[in-house]
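So this one's my_file36.tsv, TSV, C-alpha atoms:
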```
chain	number	residue	atom	x	y	z
A	1	MET	CA	7.86	22.47	41.65
A	2	SER	CA	8.52	26.09	42.59
A	3	ALA	CA	6.82	29.13	41.05
A	4	SER	CA	9.99	29.87	39.06
A	5	ASP	CA	9.69	26.43	37.41
A	6	THR	CA	6.37	27.29	35.77
A	7	PRO	CA	5.24	30.24	33.67
A	8	ARG	CA	2.93	32.92	35.04
A	9	PRO	CA	-0.74	31.99	35.29
A	10	TYR	CA	-2.83	33.74	32.63
A	11	GLU	CA	-4.28	36.12	35.26
A	12	GLU	CA	-0.75	37.38	35.93
A	13	TRP	CA	0.31	37.96	32.32
A	14	ARG	CA	1.65	41.45	31.92
A	15	VAL	CA	-0.28	44.29	30.26
A	16	SER	CA	1.62	45.50	27.18
A	17	ASN	CA	1.28	43.56	23.91
A	18	VAL	CA	4.99	42.77	23.81
A	19	ASP	CA	5.01	41.53	27.41
A	20	ARG	CA	1.86	39.44	26.86
A	21	ALA	CA	3.41	37.86	23.79
A	22	GLU	CA	6.49	37.06	25.87
A	23	ASP	CA	4.36	35.52	28.64
A	24	ALA	CA	2.53	33.44	26.03
A	25	ALA	CA	5.88	32.35	24.58
A	26	TYR	CA	7.09	31.35	28.05
A	27	THR	CA	3.97	29.22	28.45
A	28	PHE	CA	4.59	27.56	25.07
A	29	GLY	CA	8.26	27.00	25.94
A	30	TYR	CA	7.28	25.37	29.21
A	31	HIS	CA	4.91	22.95	27.47
A	32	LEU	CA	7.46	22.29	24.72
A	33	ILE	CA	10.15	21.35	27.26
A	34	HIS	CA	7.76	19.39	29.49
A	35	HIS	CA	5.93	17.33	26.87
A	36	CYS	CA	8.43	17.16	24.02
A	37	ARG	CA	12.03	17.48	25.14
A	38	ARG	CA	11.68	15.91	28.58
A	39	GLU	CA	9.63	12.96	27.29
A	40	ALA	CA	12.08	12.31	24.44
A	41	LEU	CA	15.03	12.32	26.83
A	42	LYS	CA	13.21	10.11	29.32
A	43	ARG	CA	12.34	7.59	26.64
A	44	ALA	CA	15.88	7.62	25.23
A	45	LEU	CA	17.45	7.16	28.66
A	46	ASP	CA	15.01	4.41	29.67
A	47	LYS	CA	16.21	2.21	26.82
A	48	CYS	CA	19.73	3.57	26.54
A	49	VAL	CA	22.44	1.08	25.75
A	50	LEU	CA	25.97	2.26	25.17
A	51	PRO	CA	26.35	2.20	21.38
A	52	VAL	CA	29.22	0.22	19.92
A	53	SER	CA	29.06	1.76	16.45
A	54	ASN	CA	28.25	5.04	14.77
A	55	GLU	CA	25.16	3.41	13.27
A	56	GLU	CA	23.82	2.43	16.70
A	57	LEU	CA	24.50	5.94	18.02
A	58	GLU	CA	22.73	7.49	15.05
A	59	ALA	CA	19.75	5.16	15.53
A	60	GLN	CA	19.44	6.14	19.21
A	61	ILE	CA	19.68	9.85	18.40
A	62	THR	CA	17.20	9.50	15.53
A	63	SER	CA	14.72	7.76	17.81
A	64	ALA	CA	14.98	10.54	20.40
A	65	VAL	CA	14.53	13.23	17.74
A	66	ASP	CA	11.54	11.38	16.26
A	67	THR	CA	9.94	11.17	19.70
A	68	ALA	CA	10.48	14.88	20.33
A	69	LEU	CA	9.09	15.90	16.93
A	70	HIS	CA	6.10	13.58	17.24
A	71	ASN	CA	5.38	15.08	20.65
A	72	VAL	CA	5.55	18.61	19.19
A	73	MET	CA	2.85	17.59	16.74
A	74	ASP	CA	0.80	16.08	19.58
A	75	LEU	CA	1.24	19.33	21.50
A	76	LEU	CA	-0.10	21.29	18.53
A	77	GLU	CA	-3.03	18.91	18.16
A	78	GLY	CA	-4.06	19.25	21.81
A	79	PHE	CA	-3.16	15.73	22.87
A	80	TRP	CA	-2.16	16.88	26.37
A	81	PRO	CA	-4.03	19.25	28.65
A	82	THR	CA	-2.03	22.47	28.62
A	83	LYS	CA	-2.73	25.12	31.20
A	84	ALA	CA	-1.81	28.71	31.89
A	85	GLY	CA	-2.36	28.51	35.62
A	86	PRO	CA	-5.18	26.76	37.47
A	87	ASN	CA	-8.06	28.58	35.75
A	88	HIS	CA	-7.12	28.65	32.06
A	89	GLN	CA	-6.19	26.22	29.33
A	90	VAL	CA	-4.11	27.10	26.28
A	91	SER	CA	-3.90	25.59	22.83
A	92	TYR	CA	-1.40	26.09	20.06
A	93	ALA	CA	-1.82	26.48	16.32
A	94	LEU	CA	0.35	25.98	13.26
A	95	SER	CA	-0.23	27.59	9.87
A	96	VAL	CA	1.39	27.30	6.48
A	97	CYS	CA	1.68	30.76	4.95
A	98	VAL	CA	2.33	30.89	1.20
A	99	SER	CA	3.80	34.11	-0.21
A	100	ASP	CA	4.74	35.21	-3.69
A	101	THR	CA	8.22	36.41	-4.66
A	102	ASP	CA	7.36	39.91	-3.38
A	103	ARG	CA	6.56	38.41	0.02
A	104	GLU	CA	2.86	39.16	-0.36
A	105	GLN	CA	0.75	36.52	1.34
A	106	VAL	CA	-1.14	34.39	-1.14
A	107	GLU	CA	-2.73	31.93	1.23
A	108	ARG	CA	-2.70	30.88	4.87
A	109	ILE	CA	-3.75	27.36	5.75
A	110	ASP	CA	-4.21	26.37	9.38
A	111	ILE	CA	-2.90	22.82	9.62
A	112	SER	CA	-3.16	22.36	13.34
A	113	PRO	CA	-5.45	22.03	15.06
A	114	ALA	CA	-7.50	21.36	11.95
A	115	LEU	CA	-8.97	17.91	12.46
A	116	LEU	CA	-6.01	16.44	10.57
A	117	ASP	CA	-3.65	13.89	11.96
A	118	LEU	CA	-0.61	16.18	11.79
A	119	PRO	CA	1.92	13.44	12.61
A	120	ILE	CA	0.90	11.49	9.51
A	121	GLY	CA	2.73	14.00	7.30
A	122	TYR	CA	5.92	13.64	9.32
A	123	TRP	CA	5.91	9.84	9.40
A	124	LYS	CA	4.97	9.52	5.71
A	125	PHE	CA	7.83	11.83	4.73
A	126	LYS	CA	10.26	10.05	7.05
A	127	ASP	CA	9.22	6.66	5.69
A	128	GLY	CA	9.56	7.79	2.05
A	129	GLU	CA	5.82	7.73	1.34
A	130	PHE	CA	5.52	11.49	0.91
A	131	ARG	CA	3.72	13.22	-1.92
```
Can you present the structure in this file as structure tokens?
Amino acid sequence: MSASDTPRPYEEWRVSNVDRAEDAAYTFGYHLIHHCRREALKRALDKCVLPVSNEELEAQITSAVDTALHNVMDLLEGFWPTKAGPNHQVSYALSVCVSDTDREQVERIDISPALLDLPIGYWKFKDGEFR
């Protein structure tokens, strides 16, 4: 893997706030592609059979999307080691921000990482057990 295939190590992140945010976003994008998109495609291609109906095609696509979304949740929960170069690890967080009709924040709840099993919400909703 060449240096252009990976984001800058943390020590090389640029100085200005905007540039640092961009470098952090590049790191997140790298992990998102590597752990979520790439794994979903690999899994889909490993068991790929040419569909003979629209239903089979939809089932294959749904499975790949479910894998990718599940892996996003695993990424947020710290399932994989995620690094920003050889000397630093990174973690990601997800919050639910509730605002009133004037867009004033009422509450912010960190849902990941928060010692919850984040994927449970996705699978319960998908399986019709939500609420």
Task: Which residue of A:Arg20, A:Arg8, A:His70, A:Arg14 approaches A:Gly121 most closely, using all atoms listed in the file - done: A:His70
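Residues surrounding stretch 91-105 of chain A within 7 Å are Leu76, Gly78, Thr82, Asp110, Ile111, Ser112 and Pro113 of chain A [all atoms listed in the file; sequence separation below 5 positions excluded].
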Open item on the list: Around (16.6, 13.0, 28.7), as given in the file, which residues come within 12 Å? Count all atoms listed in the file and list them as a PyMOL selection string.
Closed with: chain A and resi 33-48+61+64-65+67-68
Name the residues, using the chain letters and numbers of the file, that sit within 12 Å of (13.2, 26.8, 34.6) when counting only C-alpha atoms, and give them as an mmCIF file with C-alpha atoms, in the coordinates of the input.
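Heads up, here's the output in point_32.cif:
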```cif
data_model
loop_
_atom_site.group_PDB
_atom_site.id
_atom_site.type_symbol
_atom_site.label_atom_id
_atom_site.label_comp_id
_atom_site.auth_asym_id
_atom_site.auth_seq_id
_atom_site.Cartn_x
_atom_site.Cartn_y
_atom_site.Cartn_z
ATOM 1 C CA MET A 1 7.860 22.470 41.650
ATOM 2 C CA SER A 2 8.520 26.090 42.590
ATOM 3 C CA ALA A 3 6.820 29.130 41.050
ATOM 4 C CA SER A 4 9.990 29.870 39.060
ATOM 5 C CA ASP A 5 9.690 26.430 37.410
ATOM 6 C CA THR A 6 6.370 27.290 35.770
ATOM 7 C CA PRO A 7 5.240 30.240 33.670
ATOM 8 C CA ARG A 8 2.930 32.920 35.040
ATOM 9 C CA TYR A 26 7.090 31.350 28.050
ATOM 10 C CA THR A 27 3.970 29.220 28.450
ATOM 11 C CA GLY A 29 8.260 27.000 25.940
ATOM 12 C CA TYR A 30 7.280 25.370 29.210
ATOM 13 C CA HIS A 31 4.910 22.950 27.470
ATOM 14 C CA ILE A 33 10.150 21.350 27.260
ATOM 15 C CA HIS A 34 7.760 19.390 29.490
#
```
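The gap separating atom CA of A:Asn71 from atom CA of A:Pro86 is 23.0 Å, in Å to one decimal.
Distances from A:Tyr10, A:Leu75, A:Pro119, A:Ser53 to A:Asp23 were compared using all atoms listed in the file, and the smallest one belongs to A:Tyr10.
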Open item on the list: One decimal, in Å: what's the spacing between atom CA of A:Ala59 and atom CA of A:Leu32?
Closed with: 23.0 Å
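Across the structure, atom CA of A:Tyr122 and atom CA of A:Gln60 are spaced 18.4 Å apart.
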Could N, CA, C and O atoms be built for stretch 101-119 of chain A and written out as a short mmCIF file (atom, residue, chain, number, x, y, z; two decimals), keeping the file's coordinate frame?
```
data_model
loop_
_atom_site.label_atom_id
_atom_site.label_comp_id
_atom_site.auth_asym_id
_atom_site.auth_seq_id
_atom_site.Cartn_x
_atom_site.Cartn_y
_atom_site.Cartn_z
N THR A 101 6.82 35.98 -4.68
CA THR A 101 8.22 36.41 -4.66
C THR A 101 8.39 37.80 -4.09
O THR A 101 9.50 38.18 -3.72
N ASP A 102 7.31 38.58 -4.00
CA ASP A 102 7.36 39.91 -3.38
C ASP A 102 7.00 39.85 -1.89
O ASP A 102 6.81 40.89 -1.26
N ARG A 103 6.89 38.64 -1.38
CA ARG A 103 6.56 38.41 0.02
C ARG A 103 5.14 38.83 0.38
O ARG A 103 4.83 39.09 1.55
N GLU A 104 4.27 38.90 -0.60
CA GLU A 104 2.86 39.16 -0.36
C GLU A 104 2.18 37.83 -0.09
O GLU A 104 2.34 36.86 -0.84
N GLN A 105 1.41 37.79 0.99
CA GLN A 105 0.75 36.52 1.34
C GLN A 105 -0.28 36.16 0.30
O GLN A 105 -1.13 36.97 -0.07
N VAL A 106 -0.21 34.93 -0.17
CA VAL A 106 -1.14 34.39 -1.14
C VAL A 106 -2.21 33.56 -0.43
O VAL A 106 -3.40 33.65 -0.76
N GLU A 107 -1.78 32.79 0.52
CA GLU A 107 -2.73 31.93 1.23
C GLU A 107 -2.15 31.55 2.60
O GLU A 107 -0.95 31.42 2.75
N ARG A 108 -3.06 31.38 3.54
CA ARG A 108 -2.70 30.88 4.87
C ARG A 108 -3.61 29.70 5.17
O ARG A 108 -4.84 29.83 5.10
N ILE A 109 -3.00 28.57 5.47
CA ILE A 109 -3.75 27.36 5.75
C ILE A 109 -3.42 26.91 7.17
O ILE A 109 -2.26 26.63 7.47
N ASP A 110 -4.41 26.89 8.04
CA ASP A 110 -4.21 26.37 9.38
C ASP A 110 -4.16 24.85 9.29
O ASP A 110 -5.11 24.23 8.81
N ILE A 111 -3.03 24.27 9.70
CA ILE A 111 -2.90 22.82 9.62
C ILE A 111 -2.98 22.15 10.99
O ILE A 111 -3.04 20.93 11.07
N SER A 112 -2.99 22.95 12.03
CA SER A 112 -3.16 22.36 13.34
C SER A 112 -3.59 23.44 14.33
O SER A 112 -3.01 24.51 14.34
N PRO A 113 -4.57 23.18 15.14
CA PRO A 113 -5.45 22.03 15.06
C PRO A 113 -6.46 22.24 13.94
O PRO A 113 -7.06 23.29 13.83
N ALA A 114 -6.60 21.24 13.10
CA ALA A 114 -7.50 21.36 11.95
C ALA A 114 -8.18 20.04 11.63
O ALA A 114 -8.52 19.78 10.50
N LEU A 115 -8.35 19.21 12.62
CA LEU A 115 -8.97 17.91 12.46
C LEU A 115 -8.18 17.00 11.51
O LEU A 115 -8.72 16.10 10.90
N LEU A 116 -6.92 17.30 11.33
CA LEU A 116 -6.01 16.44 10.57
C LEU A 116 -5.19 15.64 11.57
O LEU A 116 -5.06 16.03 12.71
N ASP A 117 -4.60 14.60 11.12
CA ASP A 117 -3.65 13.89 11.96
C ASP A 117 -2.27 14.40 11.56
O ASP A 117 -1.62 13.83 10.69
N LEU A 118 -1.86 15.51 12.15
CA LEU A 118 -0.61 16.18 11.79
C LEU A 118 0.59 15.25 11.74
O LEU A 118 1.39 15.33 10.81
N PRO A 119 0.75 14.31 12.68
CA PRO A 119 1.92 13.44 12.61
C PRO A 119 1.99 12.56 11.36
O PRO A 119 3.08 12.13 10.97
#
```
